[in-house]
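K.L.:
I have a structure I would like to understand better, so I am pasting it below and will then ask my questions one at a time.
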Amino acid sequence: MKVTEWMNRWLEESSTRLKWSTIIRYTENSGCHICPSLGEKDLDELSAEVLQDFIQTLVGKRLAYNTIASIVSTLKMAVKEAVRMKVTDVDNTGSMHLPEHTEREVECFTVQEQRKLVQAVQRSSDLRLYGILISAGMGLRIGELLALTWDDINMHSRTIRISKTSYYAKDRNGVYGRIVTSPKTHKSARTIPIPDILYPYIKELYENRDCKHVISRRGKPVKMRTYQALFSRFLSQLGIRHRGFHALRHTFATRALECGIDVKTTSEILGHSNINITLQRYTHVLMEHMRKELGKMEMFFLDHEPDIPVSTYIQSAIQISYPGGMFVA
């Protein structure tokens with residue numbers, strides 16, 4: 001059986017038991033990468049050499065490591081199912097070697113840019129922009145932000161429950177529209193305390209609510225592309241270099257670590273599946289933090305007594321060095 005024929009069959013059979021967002025990802029991996037390269041080959045022809053050449057093709061497209069890993073994972077699952085269904089008895093996917101993974105340095109806003117952005121939101125009459133403060137102050141992904149409904153927010157305990165995410169795609173009936181599903185991973189479902197500095201903005205959104213969605217416009221939830229375009233225009237008006245909305249999440253993580261919030265807590269707030277993701281992604285921030293922490297010990301290596309009492313010196317050293325907090329009120 002040809003690879004294309006089997007991929008289509010496998011996707012159709014899988015659509016009855018997997019999340020629709022997963023099927024969409026598998027379909028994109030198959031239609032955009034697997035079938036164009038391997039589609040005309042028989043499943044029996046997928047030798048170790050052919051499969052490794054396929055990976056090199058993906059590398060040549062300059063795809064991100066995670067994208068390549070997702071494509072390879074899709075192909076592996078499809079071939080293993082073909083073997084289980086006795087469509088083929090050849091499975092060389094175990095010999096596939098992914099390229100070396102180098103974590104990309106995250107893009108975030110500088111302290112000056114963040115303050116400029118926050119101050120502009122505070123001056124604006126467009127309450128939709130308060131979503132910028134929520135994401136920068138709590139690390140939400142854009143899909144999580146736009147999926148928030150008022151039953152996710154407890155105004156009494158001042159907490160936000162992240163229980164779903166949203167995106168736009170064709171549904172199972174082929175109709176393009178808004179799809180709400182469970183978060184990215186099991187750990188992505190989390191409850192986050194609302195920082196005191198953010199509570200007044202969330203309260204104002206609540207008092208002016210016109211539908212069940214926290215970020216809304218004229219009684220309807222805001223579409224993702226609409227919100228991304230709004231954010232892009234806002235940056236342009238402020239003269240801030242363009243970055244995707246996800247940079248706000250990176251900005252939150254960076255500021256949190258710079259302020260001395262421990263990695264475990266930061267990881268929990270971000271909803272990372274494990275702490276290693278946080279460690280790998282923000283290595284450069286952690287290195288600077290460790291450098292500052294180690295600097296507190298320099299007084300013990302002086303060849304003279306410090307000008308101030310040791311207790312005062314140490315107390316001064318342990319003060320959080322990041323000036324001004326996260327937001328400018």
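Ligands are numbered from 1 in the order shown, residues from 1 within each chain, and chains are lettered A, B, ... in the order they appear in the structure tokens.
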If DSSP is run on the backbone, what residues of region 117-172 of chain A are alpha helix (DSSP H)? A reply as a PyMOL selection string would be ideal.
P.N.:
chain A and resi 117-123+130-138+142-147
K.L.:
What parts of region 165-296 of chain A does DSSP call strand (DSSP E or B)? I'd like the answer as a compact mmCIF listing (two decimals) with N, CA, C and O atoms, in the first residue's frame.
P.N.:
```txt
# COMPACT_ATOMS: atom_id res chain seq x y z
N THR A 165 -8.31 25.75 26.17
CA THR A 165 -7.64 26.63 25.22
C THR A 165 -8.50 26.72 23.97
O THR A 165 -9.41 25.90 23.78
N SER A 166 -8.23 27.69 23.12
CA SER A 166 -9.05 27.87 21.92
C SER A 166 -8.15 28.10 20.70
O SER A 166 -7.02 28.56 20.83
N TYR A 167 -8.66 27.73 19.55
CA TYR A 167 -7.97 27.97 18.29
C TYR A 167 -9.02 27.94 17.18
O TYR A 167 -10.19 27.59 17.42
N TYR A 168 -8.64 28.33 15.98
CA TYR A 168 -9.56 28.34 14.85
C TYR A 168 -9.09 27.34 13.80
O TYR A 168 -7.93 27.34 13.40
N ALA A 169 -10.00 26.47 13.40
CA ALA A 169 -9.70 25.43 12.42
C ALA A 169 -11.01 24.85 11.94
O ALA A 169 -12.10 25.21 12.43
N LYS A 170 -10.93 23.92 10.97
CA LYS A 170 -12.13 23.22 10.52
C LYS A 170 -12.51 22.16 11.55
O LYS A 170 -11.64 21.46 12.06
N TYR A 176 -15.15 25.79 9.21
CA TYR A 176 -14.10 26.56 9.87
C TYR A 176 -14.70 27.41 10.98
O TYR A 176 -15.71 28.10 10.79
N GLY A 177 -14.11 27.38 12.13
CA GLY A 177 -14.62 28.18 13.24
C GLY A 177 -13.80 28.02 14.50
O GLY A 177 -12.72 27.43 14.49
N ARG A 178 -14.33 28.52 15.58
CA ARG A 178 -13.64 28.51 16.87
C ARG A 178 -13.80 27.15 17.54
O ARG A 178 -14.92 26.65 17.68
N ILE A 179 -12.69 26.59 17.97
CA ILE A 179 -12.72 25.30 18.65
C ILE A 179 -12.11 25.48 20.04
O ILE A 179 -11.04 26.04 20.19
N VAL A 180 -12.84 25.03 21.05
CA VAL A 180 -12.35 25.09 22.43
C VAL A 180 -12.10 23.66 22.89
O VAL A 180 -12.95 22.78 22.73
N THR A 181 -10.92 23.45 23.45
CA THR A 181 -10.55 22.10 23.87
C THR A 181 -9.75 22.17 25.17
O THR A 181 -9.52 23.26 25.70
N ARG A 190 -4.22 24.37 35.21
CA ARG A 190 -3.64 24.86 36.45
C ARG A 190 -4.48 26.00 37.01
O ARG A 190 -5.31 26.58 36.30
N THR A 191 -4.28 26.31 38.26
CA THR A 191 -4.93 27.45 38.91
C THR A 191 -3.85 28.42 39.37
O THR A 191 -2.90 28.01 40.04
N ILE A 192 -4.00 29.69 39.00
CA ILE A 192 -2.98 30.70 39.29
C ILE A 192 -3.59 31.81 40.14
O ILE A 192 -4.67 32.32 39.81
N PRO A 193 -2.93 32.21 41.22
CA PRO A 193 -3.43 33.35 41.99
C PRO A 193 -3.26 34.64 41.20
O PRO A 193 -2.26 34.82 40.50
N HIS A 213 -17.25 35.46 28.06
CA HIS A 213 -15.81 35.46 27.81
C HIS A 213 -15.15 36.69 28.42
O HIS A 213 -15.68 37.80 28.35
N SER A 216 -13.60 40.04 25.25
CA SER A 216 -14.73 40.01 24.31
C SER A 216 -14.89 41.35 23.61
O SER A 216 -14.27 42.35 23.99
N ARG A 217 -15.73 41.35 22.61
CA ARG A 217 -16.03 42.56 21.85
C ARG A 217 -17.47 42.48 21.38
O ARG A 217 -17.84 41.55 20.65
N LYS A 220 -19.21 39.09 21.98
CA LYS A 220 -18.66 37.88 21.36
C LYS A 220 -17.18 37.73 21.74
O LYS A 220 -16.50 38.73 21.98
N PRO A 221 -16.70 36.48 21.79
CA PRO A 221 -15.27 36.28 22.07
C PRO A 221 -14.42 36.85 20.93
O PRO A 221 -14.84 36.86 19.78
```
K.L.:
Given only C-alpha atoms as the basis, pick out the residue of A:Leu38, A:Ile215, A:Leu148, A:Ala247 nearest to Asp126 (chain A).
P.N.:
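Closest residue, counting only C-alpha atoms: A:Ile215.
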K.L.:
Residues of region 76-149 of chain A within 12 Å of region 48-58 of chain A: nearest atom pair and distance (Å, one decimal) for each, counting only C-alpha atoms, sorted by chain and number, as a tab-separated table?
P.N.:
```
residue	atom	partner	partner_atom	distance
A:Lys76	CA	A:Leu51	CA	10.4
A:Val79	CA	A:Leu51	CA	11.6
A:Val90	CA	A:Ala48	CA	10.3
A:Asp91	CA	A:Ala48	CA	8.9
A:Asn92	CA	A:Ala48	CA	5.4
A:Thr93	CA	A:Leu51	CA	7.1
A:Gly94	CA	A:Ala48	CA	8.5
A:Ser95	CA	A:Ala48	CA	6.0
A:Met96	CA	A:Gln52	CA	5.7
A:His97	CA	A:Gln52	CA	7.0
A:Leu98	CA	A:Ile55	CA	7.1
A:Pro99	CA	A:Ile55	CA	8.1
A:Glu100	CA	A:Ile55	CA	11.8
```
